[in-house]
Amino acid sequence: MATERDELRDRLDRATAHLDPPYAVVDLTAFDANATALAGRAGGKPLRLASKSVRSRELTRRALDTPGWRGIMAFTLAEAIWLARSELTDDVLVAYPTVGRGSLGELTADAALAETVTLMVDDVAQLDLVDDVQPADRRPEIRVCLDLDASWRPLGGRVHVGVRRSPVHTAQAAATLAATVAGRPGFRLVGLMAYEAQIAGLGDAPPGQATLGAAIRFTQRRSYRELLHRRSAVVAAVRDLADLELVNGGGTGSVAATSADPSITEITAGSGLYGPTLFDGYRAWRPTPAAFFACSVVRRPDPTVATVLGGGWIASGPAAASRLPTPWLPEGLTMIGAEGAGEVQTPLTGPGAAGLHLGDRVWFRHAKAGELCERVNDLHLVDGDEVVATVPTYRGEGRAFL
């Protein structure tokens, strides 16, 4: 009896029979369902789309057309300017501090851009750089968002749980920086962001690792409680100094939990639209896989191995098996440990290998979301068993931001 994955393979094969691998597809039914499900988990609070997790202007527009989605979180100022000028939205928040003088020059020379794009800061020196590019009396007012470190630091700070982002960790530190921004000519403090990576970006149910999963869930519960109180105190302290338009937090892995924080006004999400493999290790919600890439079988070294051309599309992060792409269709394929996913070839073994022939497609899922788009110029959009459109990725439009 055919499984759901067998049916998915047949459908994708039929839809793309006219294409030569490697190529990438997005299943629109799954993409749209994920967009709707994420909005439903947000508790009525708007979702800001993390553009780096999509990296296609057309699919960004499609997500933003879904009720519950509003605004973009860009990962560089250059990208933010490009997206703002594309008229996808009038609200672009840059997720990381900016030191690019060229991009700052563009921003400070354009009043419309300055009203659309919000810079992220965690250090007074970042304000100094803006003024060095264009003094306050010669440019429009620049919108600013403070980046609060959301990591958990138990045992008096001797343990660090989370990522190392902003140096601003306490309400006092946030108030000090907020006072500086609020009192400085040429800047307007409009937002606060706190990304709880140890909750939103870490799966709490890693497959086959029950003990580790229990430890992660314990840590996340403790971290969430600490952040709930600290973020509330920070927001209260900053609101005494500025009229905040937004308090941003979360990610795909914590939409419901983050939305329950009364201090939060919006949640960021993006990876859940494509449903990469890293999100297979979450209990609260798992997106439907929507993005895939296909490679051709080009040789059969022996009856137990099928080798595809390419396949080494590795995700960023710690060098670990979790960052490898996963051979998804047909079922029953695994990589060979001594070779892994190769730039020019990837040998596959397992029960699914025996039935593969030269020219057959093997469908992979990427470990992350938007990074898939750095490997292809186009995304083929599949509806049912038909490619209904082909849209460019950032790379296909000649744009590479990081």
# chains A, B, ... in the order shown; residues from 1 in each chain; ligands from 1
call {"tool": "residues_around", "arguments": {"residues": "range 124-141 of chain A", "least_positions_apart": "3", "cutoff": "7 Å", "atoms": "only C-alpha atoms", "output": "PyMOL selection string"}}
result
chain A and resi 101+104-105+108-109+111+114+121+185-188
call {"tool": "residues_around", "arguments": {"residues": "range 345-350 of chain A", "least_positions_apart": "6", "cutoff": "8 Å", "atoms": "only C-alpha atoms", "output": "JSON, numbers by chain"}}
result
{"A": [304, 305, 306, 307, 308, 309, 310, 311, 312, 332, 333, 334, 335, 336, 339]}
call {"tool": "select_by_dssp", "arguments": {"residues": "range 240-395 of chain A", "states": "strand (DSSP E or B)", "output": "ChimeraX atom specification"}}
result
/A:246-249,266-269,291-302,305-309,326-329,334-335,345-349,361-365,378-383,386-392
call {"tool": "select_by_dssp", "arguments": {"residues": "range 86-285 of chain A", "states": "helix (DSSP H, G or I)", "output": "PyMOL selection string"}}
result
chain A and resi 101-108+111-116+124-133+136-138+155-157+171-182+197-200+210-239+252-259+271-274+277-281
call {"tool": "residues_around", "arguments": {"residues": "range 212-214 of chain A", "least_positions_apart": "5", "cutoff": "12 Å", "atoms": "only C-alpha atoms", "output": "NGL selection string"}}
result
:A and (202-207 or 219-221 or 281-283)
call {"tool": "write_last_selection", "arguments": {"atoms": "all heavy atoms", "output": "compact mmCIF listing (two decimals), in the first residue's frame"}}
result
# COMPACT_ATOMS: atom_id res chain seq x y z
N LEU A 202 15.77 25.62 19.09
CA LEU A 202 16.33 24.35 19.56
C LEU A 202 15.20 23.35 19.75
O LEU A 202 14.32 23.54 20.59
CB LEU A 202 17.08 24.56 20.88
CG LEU A 202 17.77 23.34 21.48
CD1 LEU A 202 18.86 22.82 20.55
CD2 LEU A 202 18.37 23.68 22.85
N GLY A 203 15.22 22.29 18.96
CA GLY A 203 14.19 21.27 19.06
C GLY A 203 14.20 20.57 20.40
O GLY A 203 15.26 20.20 20.91
N ASP A 204 13.02 20.37 20.98
CA ASP A 204 12.93 19.78 22.32
C ASP A 204 12.68 18.27 22.29
O ASP A 204 12.48 17.65 23.33
CB ASP A 204 11.85 20.47 23.14
CG ASP A 204 10.45 20.31 22.55
OD1 ASP A 204 10.34 19.76 21.43
OD2 ASP A 204 9.49 20.75 23.19
N ALA A 205 12.68 17.69 21.10
CA ALA A 205 12.45 16.24 20.99
C ALA A 205 13.35 15.66 19.90
O ALA A 205 12.86 15.15 18.89
CB ALA A 205 10.99 15.95 20.69
N PRO A 206 14.68 15.75 20.08
CA PRO A 206 15.58 15.20 19.05
C PRO A 206 15.34 13.72 18.86
O PRO A 206 15.28 12.97 19.84
CB PRO A 206 16.98 15.50 19.62
CG PRO A 206 16.78 15.71 21.08
CD PRO A 206 15.42 16.29 21.24
N PRO A 207 15.17 13.27 17.61
CA PRO A 207 14.83 11.87 17.36
C PRO A 207 15.84 10.90 17.97
O PRO A 207 17.06 11.08 17.83
CB PRO A 207 14.84 11.78 15.83
CG PRO A 207 14.56 13.18 15.37
CD PRO A 207 15.23 14.06 16.37
N THR A 219 15.43 22.70 30.60
CA THR A 219 16.17 23.95 30.45
C THR A 219 15.29 25.03 29.83
O THR A 219 15.31 26.19 30.26
CB THR A 219 17.41 23.71 29.59
OG1 THR A 219 18.25 22.73 30.22
CG2 THR A 219 18.20 24.99 29.40
N GLN A 220 14.50 24.65 28.84
CA GLN A 220 13.65 25.64 28.18
C GLN A 220 12.58 26.18 29.12
O GLN A 220 12.26 27.37 29.09
CB GLN A 220 13.02 25.02 26.93
CG GLN A 220 14.02 24.82 25.80
CD GLN A 220 13.40 24.17 24.57
OE1 GLN A 220 12.39 23.46 24.66
NE2 GLN A 220 13.99 24.40 23.42
N ARG A 221 12.02 25.32 29.96
CA ARG A 221 11.01 25.80 30.93
C ARG A 221 11.61 26.82 31.89
O ARG A 221 11.01 27.86 32.17
CB ARG A 221 10.41 24.62 31.70
CG ARG A 221 9.48 23.74 30.89
CD ARG A 221 8.69 22.79 31.79
NE ARG A 221 9.54 21.86 32.52
CZ ARG A 221 9.90 20.66 32.07
NH1 ARG A 221 9.49 20.25 30.88
NH2 ARG A 221 10.66 19.88 32.82
N GLY A 281 12.34 17.98 15.07
CA GLY A 281 12.63 17.66 16.46
C GLY A 281 11.90 18.52 17.46
O GLY A 281 12.38 18.72 18.58
N TYR A 282 10.72 19.05 17.09
CA TYR A 282 9.92 19.87 18.00
C TYR A 282 8.62 19.14 18.35
O TYR A 282 8.00 18.50 17.49
CB TYR A 282 9.57 21.22 17.34
CG TYR A 282 10.73 22.19 17.28
CD1 TYR A 282 11.75 22.01 16.35
CD2 TYR A 282 10.81 23.26 18.15
CE1 TYR A 282 12.81 22.90 16.27
CE2 TYR A 282 11.87 24.16 18.08
CZ TYR A 282 12.86 23.97 17.15
OH TYR A 282 13.92 24.84 17.08
N ARG A 283 8.21 19.26 19.60
CA ARG A 283 6.97 18.63 20.02
C ARG A 283 5.75 19.52 19.81
O ARG A 283 4.68 19.05 19.45
CB ARG A 283 7.05 18.25 21.50
CG ARG A 283 8.04 17.16 21.84
CD ARG A 283 7.81 16.65 23.25
NE ARG A 283 7.63 17.74 24.22
CZ ARG A 283 7.12 17.60 25.43
NH1 ARG A 283 6.72 16.40 25.83
NH2 ARG A 283 7.00 18.62 26.25
call {"tool": "residues_around", "arguments": {"residues": "Pro325 in chain A", "least_positions_apart": "2", "cutoff": "7 Å", "atoms": "only C-alpha atoms", "output": "PyMOL selection string"}}
result
chain A and resi 313-314+323+327+364-367
call {"tool": "write_last_selection", "arguments": {"atoms": "N, CA, C and O atoms", "output": "CSV table (one decimal), in the first residue's frame"}}
result
chain,number,residue,atom,x,y,z
A,313,TRP,N,24.5,20.1,0.0
A,313,TRP,CA,24.0,21.4,0.4
A,313,TRP,C,23.8,21.5,1.9
A,313,TRP,O,22.8,21.2,2.5
A,314,ILE,N,24.9,21.8,2.5
A,314,ILE,CA,25.1,21.8,4.0
A,314,ILE,C,24.6,23.0,4.6
A,314,ILE,O,24.8,24.1,4.1
A,323,ARG,N,23.1,19.0,10.3
A,323,ARG,CA,23.2,20.1,9.3
A,323,ARG,C,23.3,19.5,7.9
A,323,ARG,O,23.3,20.2,6.9
A,327,PRO,N,18.0,12.7,2.6
A,327,PRO,CA,17.3,12.0,1.5
A,327,PRO,C,15.9,11.6,1.9
A,327,PRO,O,15.8,10.7,2.8
A,364,PHE,N,15.5,15.5,-1.6
A,364,PHE,CA,16.1,15.8,-0.4
A,364,PHE,C,15.3,17.0,0.3
A,364,PHE,O,14.7,17.8,-0.3
A,365,ARG,N,15.4,17.0,1.6
A,365,ARG,CA,15.0,18.2,2.4
A,365,ARG,C,16.3,18.8,3.0
A,365,ARG,O,17.2,18.1,3.5
A,366,HIS,N,16.3,20.1,3.0
A,366,HIS,CA,17.5,20.8,3.6
A,366,HIS,C,17.3,20.9,5.1
A,366,HIS,O,16.2,20.8,5.6
A,367,ALA,N,18.4,21.0,5.8
A,367,ALA,CA,18.3,21.1,7.3
A,367,ALA,C,17.7,22.4,7.7
A,367,ALA,O,17.1,22.5,8.8
call {"tool": "closest_residue", "arguments": {"among": "A:Met1, A:Thr390, A:Ala150, A:Pro22", "to": "Val344 in chain A", "atoms": "only C-alpha atoms"}}
result
A:Pro22
call {"tool": "atom_distance", "arguments": {"atom1": "CA of Val298 in chain A", "atom2": "CA of Gly359 in chain A"}}
result
6.3 Å
call {"tool": "residues_around", "arguments": {"residues": "Arg57 in chain A", "least_positions_apart": "5", "cutoff": "9 Å", "atoms": "only C-alpha atoms", "output": "list in words"}}
result
Ser51, Arg62, Leu83, Ser86, Leu88, Val391, Pro392, Thr393 and Tyr394 of chain A
call {"tool": "write_last_selection", "arguments": {"atoms": "N, CA, C and O atoms", "output": "compact mmCIF listing (two decimals), in the first residue's frame"}}
result
# COMPACT_ATOMS: atom_id res chain seq x y z
N SER A 51 12.91 37.18 6.55
CA SER A 51 13.16 37.06 5.11
C SER A 51 14.29 36.08 4.79
O SER A 51 14.28 35.44 3.74
N ARG A 62 3.77 36.21 -0.95
CA ARG A 62 2.68 35.25 -0.74
C ARG A 62 2.41 35.06 0.76
O ARG A 62 1.25 35.03 1.19
N LEU A 83 14.31 45.22 -0.28
CA LEU A 83 12.93 44.79 -0.05
C LEU A 83 11.99 45.98 0.10
O LEU A 83 10.86 45.97 -0.39
N SER A 86 11.15 47.34 -3.10
CA SER A 86 10.30 46.43 -3.86
C SER A 86 8.83 46.60 -3.51
O SER A 86 7.96 45.95 -4.11
N LEU A 88 7.22 45.57 -0.96
CA LEU A 88 6.60 44.41 -0.34
C LEU A 88 5.91 44.78 0.96
O LEU A 88 4.92 44.17 1.36
N VAL A 391 9.70 30.97 -9.86
CA VAL A 391 10.03 32.30 -9.35
C VAL A 391 11.50 32.34 -8.97
O VAL A 391 12.07 31.32 -8.56
N PRO A 392 12.13 33.49 -9.07
CA PRO A 392 13.56 33.57 -8.74
C PRO A 392 13.80 33.61 -7.24
O PRO A 392 12.99 34.14 -6.47
N THR A 393 14.91 33.04 -6.84
CA THR A 393 15.43 33.23 -5.49
C THR A 393 16.22 34.53 -5.48
O THR A 393 16.39 35.20 -6.51
N TYR A 394 16.72 34.92 -4.31
CA TYR A 394 17.63 36.07 -4.27
C TYR A 394 18.79 35.84 -5.23
O TYR A 394 19.19 36.74 -5.98
call {"tool": "closest_residue", "arguments": {"among": "A:Glu397, A:Asp280, A:Asp261, A:Glu343", "to": "Lys45 in chain A", "atoms": "only C-alpha atoms"}}
result
A:Asp261
call {"tool": "residues_around", "arguments": {"residues": "Leu329 in chain A", "least_positions_apart": "2", "cutoff": "7 Å", "atoms": "only C-alpha atoms", "output": "list in words"}}
result
Arg5, Arg9, Pro327, Glu331, Val362, Trp363 and Phe364 of chain A
call {"tool": "closest_residue", "arguments": {"among": "A:Leu381, A:Val161, A:Ala84, A:Leu49", "to": "Asn248 in chain A", "atoms": "only C-alpha atoms"}}
result
A:Leu49
call {"tool": "residues_around", "arguments": {"residues": "Ala33 in chain A", "least_positions_apart": "2", "cutoff": "12 Å", "atoms": "only C-alpha atoms", "output": "PDB file with all heavy atoms, in the first residue's frame"}}
result
ATOM      1  N   ASP A  27       6.106  23.179  -2.465  1.00  0.00           N
ATOM      2  CA  ASP A  27       4.736  22.683  -2.553  1.00  0.00           C
ATOM      3  C   ASP A  27       3.821  23.748  -1.958  1.00  0.00           C
ATOM      4  O   ASP A  27       3.819  23.993  -0.747  1.00  0.00           O
ATOM      5  CB  ASP A  27       4.629  21.371  -1.776  1.00  0.00           C
ATOM      6  CG  ASP A  27       3.269  20.699  -1.918  1.00  0.00           C
ATOM      7  OD1 ASP A  27       2.302  21.389  -2.294  1.00  0.00           O
ATOM      8  OD2 ASP A  27       3.177  19.497  -1.635  1.00  0.00           O
ATOM      9  N   LEU A  28       3.038  24.398  -2.808  1.00  0.00           N
ATOM     10  CA  LEU A  28       2.241  25.544  -2.362  1.00  0.00           C
ATOM     11  C   LEU A  28       1.167  25.160  -1.354  1.00  0.00           C
ATOM     12  O   LEU A  28       0.843  25.951  -0.459  1.00  0.00           O
ATOM     13  CB  LEU A  28       1.599  26.233  -3.567  1.00  0.00           C
ATOM     14  CG  LEU A  28       2.573  26.962  -4.503  1.00  0.00           C
ATOM     15  CD1 LEU A  28       1.807  27.606  -5.649  1.00  0.00           C
ATOM     16  CD2 LEU A  28       3.383  28.011  -3.749  1.00  0.00           C
ATOM     17  N   THR A  29       0.611  23.973  -1.481  1.00  0.00           N
ATOM     18  CA  THR A  29      -0.402  23.555  -0.508  1.00  0.00           C
ATOM     19  C   THR A  29       0.187  23.499   0.891  1.00  0.00           C
ATOM     20  O   THR A  29      -0.404  23.988   1.865  1.00  0.00           O
ATOM     21  CB  THR A  29      -0.987  22.188  -0.900  1.00  0.00           C
ATOM     22  OG1 THR A  29      -1.614  22.296  -2.176  1.00  0.00           O
ATOM     23  CG2 THR A  29      -2.002  21.720   0.133  1.00  0.00           C
ATOM     24  N   ALA A  30       1.390  22.920   1.010  1.00  0.00           N
ATOM     25  CA  ALA A  30       2.046  22.836   2.311  1.00  0.00           C
ATOM     26  C   ALA A  30       2.500  24.213   2.786  1.00  0.00           C
ATOM     27  O   ALA A  30       2.355  24.549   3.970  1.00  0.00           O
ATOM     28  CB  ALA A  30       3.237  21.879   2.230  1.00  0.00           C
ATOM     29  N   PHE A  31       3.051  25.020   1.882  1.00  0.00           N
ATOM     30  CA  PHE A  31       3.509  26.375   2.236  1.00  0.00           C
ATOM     31  C   PHE A  31       2.355  27.199   2.797  1.00  0.00           C
ATOM     32  O   PHE A  31       2.466  27.829   3.859  1.00  0.00           O
ATOM     33  CB  PHE A  31       4.103  27.041   0.997  1.00  0.00           C
ATOM     34  CG  PHE A  31       4.647  28.425   1.210  1.00  0.00           C
ATOM     35  CD1 PHE A  31       5.975  28.622   1.536  1.00  0.00           C
ATOM     36  CD2 PHE A  31       3.826  29.544   1.073  1.00  0.00           C
ATOM     37  CE1 PHE A  31       6.486  29.906   1.727  1.00  0.00           C
ATOM     38  CE2 PHE A  31       4.325  30.827   1.263  1.00  0.00           C
ATOM     39  CZ  PHE A  31       5.662  31.004   1.593  1.00  0.00           C
ATOM     40  N   ALA A  35       1.776  28.674   6.610  1.00  0.00           N
ATOM     41  CA  ALA A  35       1.575  30.101   6.881  1.00  0.00           C
ATOM     42  C   ALA A  35       0.328  30.324   7.734  1.00  0.00           C
ATOM     43  O   ALA A  35       0.340  31.112   8.688  1.00  0.00           O
ATOM     44  CB  ALA A  35       1.466  30.871   5.565  1.00  0.00           C
ATOM     45  N   THR A  36      -0.738  29.617   7.402  1.00  0.00           N
ATOM     46  CA  THR A  36      -1.988  29.755   8.155  1.00  0.00           C
ATOM     47  C   THR A  36      -1.856  29.189   9.560  1.00  0.00           C
ATOM     48  O   THR A  36      -2.329  29.789  10.543  1.00  0.00           O
ATOM     49  CB  THR A  36      -3.131  29.057   7.404  1.00  0.00           C
ATOM     50  OG1 THR A  36      -3.296  29.680   6.115  1.00  0.00           O
ATOM     51  CG2 THR A  36      -4.437  29.151   8.170  1.00  0.00           C
ATOM     52  N   ALA A  37      -1.186  28.042   9.681  1.00  0.00           N
ATOM     53  CA  ALA A  37      -1.026  27.419  10.991  1.00  0.00           C
ATOM     54  C   ALA A  37      -0.176  28.288  11.918  1.00  0.00           C
ATOM     55  O   ALA A  37      -0.483  28.427  13.116  1.00  0.00           O
ATOM     56  CB  ALA A  37      -0.383  26.041  10.838  1.00  0.00           C
ATOM     57  N   LEU A  38       0.882  28.864  11.397  1.00  0.00           N
ATOM     58  CA  LEU A  38       1.734  29.739  12.216  1.00  0.00           C
ATOM     59  C   LEU A  38       0.945  30.941  12.709  1.00  0.00           C
ATOM     60  O   LEU A  38       1.040  31.328  13.885  1.00  0.00           O
ATOM     61  CB  LEU A  38       2.951  30.183  11.415  1.00  0.00           C
ATOM     62  CG  LEU A  38       4.060  29.139  11.255  1.00  0.00           C
ATOM     63  CD1 LEU A  38       5.032  29.549  10.153  1.00  0.00           C
ATOM     64  CD2 LEU A  38       4.812  28.951  12.574  1.00  0.00           C
ATOM     65  N   ALA A  39       0.165  31.545  11.827  1.00  0.00           N
ATOM     66  CA  ALA A  39      -0.649  32.695  12.242  1.00  0.00           C
ATOM     67  C   ALA A  39      -1.645  32.286  13.324  1.00  0.00           C
ATOM     68  O   ALA A  39      -1.893  33.039  14.273  1.00  0.00           O
ATOM     69  CB  ALA A  39      -1.374  33.280  11.032  1.00  0.00           C
ATOM     70  N   GLY A  40      -2.201  31.091  13.200  1.00  0.00           N
ATOM     71  CA  GLY A  40      -3.144  30.625  14.198  1.00  0.00           C
ATOM     72  C   GLY A  40      -2.513  30.382  15.554  1.00  0.00           C
ATOM     73  O   GLY A  40      -3.189  30.472  16.590  1.00  0.00           O
ATOM     74  N   ARG A  62       3.768  36.207  -0.951  1.00  0.00           N
ATOM     75  CA  ARG A  62       2.681  35.250  -0.737  1.00  0.00           C
ATOM     76  C   ARG A  62       2.415  35.059   0.756  1.00  0.00           C
ATOM     77  O   ARG A  62       1.254  35.026   1.194  1.00  0.00           O
ATOM     78  CB  ARG A  62       3.038  33.915  -1.390  1.00  0.00           C
ATOM     79  CG  ARG A  62       1.893  32.900  -1.392  1.00  0.00           C
ATOM     80  CD  ARG A  62       2.308  31.587  -2.040  1.00  0.00           C
ATOM     81  NE  ARG A  62       1.196  30.662  -2.152  1.00  0.00           N
ATOM     82  CZ  ARG A  62       0.449  30.500  -3.232  1.00  0.00           C
ATOM     83  NH1 ARG A  62       0.708  31.208  -4.322  1.00  0.00           N
ATOM     84  NH2 ARG A  62      -0.552  29.631  -3.246  1.00  0.00           N
ATOM     85  N   ALA A  63       3.471  34.943   1.536  1.00  0.00           N
ATOM     86  CA  ALA A  63       3.296  34.783   2.977  1.00  0.00           C
ATOM     87  C   ALA A  63       2.648  36.019   3.590  1.00  0.00           C
ATOM     88  O   ALA A  63       1.754  35.913   4.439  1.00  0.00           O
ATOM     89  CB  ALA A  63       4.634  34.491   3.639  1.00  0.00           C
ATOM     90  N   THR A  66      -1.030  36.366   3.593  1.00  0.00           N
ATOM     91  CA  THR A  66      -1.792  35.499   4.490  1.00  0.00           C
ATOM     92  C   THR A  66      -2.232  36.301   5.711  1.00  0.00           C
ATOM     93  O   THR A  66      -1.419  36.989   6.326  1.00  0.00           O
ATOM     94  CB  THR A  66      -0.928  34.312   4.950  1.00  0.00           C
ATOM     95  OG1 THR A  66      -0.431  33.610   3.805  1.00  0.00           O
ATOM     96  CG2 THR A  66      -1.738  33.357   5.815  1.00  0.00           C
ATOM     97  N   PRO A  67      -3.492  36.249   6.088  1.00  0.00           N
ATOM     98  CA  PRO A  67      -3.932  36.986   7.283  1.00  0.00           C
ATOM     99  C   PRO A  67      -3.105  36.617   8.509  1.00  0.00           C
ATOM    100  O   PRO A  67      -2.806  35.449   8.753  1.00  0.00           O
ATOM    101  CB  PRO A  67      -5.388  36.523   7.451  1.00  0.00           C
ATOM    102  CG  PRO A  67      -5.829  36.175   6.062  1.00  0.00           C
ATOM    103  CD  PRO A  67      -4.622  35.567   5.409  1.00  0.00           C
ATOM    104  N   GLY A 272       9.339  27.931   9.396  1.00  0.00           N
ATOM    105  CA  GLY A 272       8.203  27.032   9.374  1.00  0.00           C
ATOM    106  C   GLY A 272       7.418  27.051   8.083  1.00  0.00           C
ATOM    107  O   GLY A 272       6.614  26.142   7.824  1.00  0.00           O
ATOM    108  N   LEU A 273       7.635  28.057   7.242  1.00  0.00           N
ATOM    109  CA  LEU A 273       6.953  28.091   5.951  1.00  0.00           C
ATOM    110  C   LEU A 273       7.458  26.986   5.037  1.00  0.00           C
ATOM    111  O   LEU A 273       6.695  26.374   4.291  1.00  0.00           O
ATOM    112  CB  LEU A 273       7.152  29.456   5.293  1.00  0.00           C
ATOM    113  CG  LEU A 273       6.495  30.627   6.017  1.00  0.00           C
ATOM    114  CD1 LEU A 273       7.004  31.955   5.468  1.00  0.00           C
ATOM    115  CD2 LEU A 273       4.972  30.553   5.889  1.00  0.00           C
ATOM    116  N   TYR A 274       8.778  26.714   5.087  1.00  0.00           N
ATOM    117  CA  TYR A 274       9.375  25.670   4.249  1.00  0.00           C
ATOM    118  C   TYR A 274       9.416  24.310   4.961  1.00  0.00           C
ATOM    119  O   TYR A 274       9.444  23.278   4.312  1.00  0.00           O
ATOM    120  CB  TYR A 274      10.799  26.054   3.866  1.00  0.00           C
ATOM    121  CG  TYR A 274      10.927  27.133   2.808  1.00  0.00           C
ATOM    122  CD1 TYR A 274      12.172  27.707   2.533  1.00  0.00           C
ATOM    123  CD2 TYR A 274       9.837  27.577   2.069  1.00  0.00           C
ATOM    124  CE1 TYR A 274      12.317  28.682   1.562  1.00  0.00           C
ATOM    125  CE2 TYR A 274       9.973  28.562   1.106  1.00  0.00           C
ATOM    126  CZ  TYR A 274      11.222  29.119   0.853  1.00  0.00           C
ATOM    127  OH  TYR A 274      11.368  30.086  -0.117  1.00  0.00           O
ATOM    128  N   GLY A 275       9.469  24.314   6.283  1.00  0.00           N
ATOM    129  CA  GLY A 275       9.485  23.065   7.033  1.00  0.00           C
ATOM    130  C   GLY A 275      10.754  22.252   6.867  1.00  0.00           C
ATOM    131  O   GLY A 275      10.689  21.076   6.496  1.00  0.00           O
ATOM    132  N   ARG A 286       5.010  20.914  14.349  1.00  0.00           N
ATOM    133  CA  ARG A 286       5.934  20.568  13.280  1.00  0.00           C
ATOM    134  C   ARG A 286       5.325  20.983  11.951  1.00  0.00           C
ATOM    135  O   ARG A 286       4.218  20.534  11.606  1.00  0.00           O
ATOM    136  CB  ARG A 286       6.220  19.059  13.271  1.00  0.00           C
ATOM    137  CG  ARG A 286       6.971  18.596  14.505  1.00  0.00           C
ATOM    138  CD  ARG A 286       7.117  17.089  14.542  1.00  0.00           C
ATOM    139  NE  ARG A 286       7.771  16.668  15.773  1.00  0.00           N
ATOM    140  CZ  ARG A 286       7.881  15.405  16.164  1.00  0.00           C
ATOM    141  NH1 ARG A 286       7.375  14.439  15.399  1.00  0.00           N
ATOM    142  NH2 ARG A 286       8.487  15.107  17.296  1.00  0.00           N
ATOM    143  N   PRO A 287       6.004  21.827  11.208  1.00  0.00           N
ATOM    144  CA  PRO A 287       5.459  22.237   9.919  1.00  0.00           C
ATOM    145  C   PRO A 287       5.407  21.066   8.942  1.00  0.00           C
ATOM    146  O   PRO A 287       6.147  20.087   9.071  1.00  0.00           O
ATOM    147  CB  PRO A 287       6.446  23.308   9.441  1.00  0.00           C
ATOM    148  CG  PRO A 287       7.719  23.010  10.166  1.00  0.00           C
ATOM    149  CD  PRO A 287       7.314  22.445  11.490  1.00  0.00           C
ATOM    150  N   THR A 288       4.539  21.190   7.955  1.00  0.00           N
ATOM    151  CA  THR A 288       4.496  20.220   6.871  1.00  0.00           C
ATOM    152  C   THR A 288       5.659  20.500   5.925  1.00  0.00           C
ATOM    153  O   THR A 288       5.831  21.648   5.495  1.00  0.00           O
ATOM    154  CB  THR A 288       3.176  20.334   6.094  1.00  0.00           C
ATOM    155  OG1 THR A 288       2.091  20.113   6.990  1.00  0.00           O
ATOM    156  CG2 THR A 288       3.123  19.322   4.964  1.00  0.00           C
ATOM    157  N   PRO A 289       6.485  19.512   5.592  1.00  0.00           N
ATOM    158  CA  PRO A 289       7.586  19.774   4.654  1.00  0.00           C
ATOM    159  C   PRO A 289       7.058  20.368   3.353  1.00  0.00           C
ATOM    160  O   PRO A 289       6.144  19.810   2.730  1.00  0.00           O
ATOM    161  CB  PRO A 289       8.194  18.382   4.426  1.00  0.00           C
ATOM    162  CG  PRO A 289       7.869  17.625   5.679  1.00  0.00           C
ATOM    163  CD  PRO A 289       6.503  18.116   6.091  1.00  0.00           C
ATOM    164  N   ALA A 290       7.602  21.508   2.959  1.00  0.00           N
ATOM    165  CA  ALA A 290       7.112  22.215   1.777  1.00  0.00           C
ATOM    166  C   ALA A 290       8.194  22.456   0.736  1.00  0.00           C
ATOM    167  O   ALA A 290       7.865  22.692  -0.435  1.00  0.00           O
ATOM    168  CB  ALA A 290       6.496  23.553   2.189  1.00  0.00           C
TER     169      ALA A 290
END
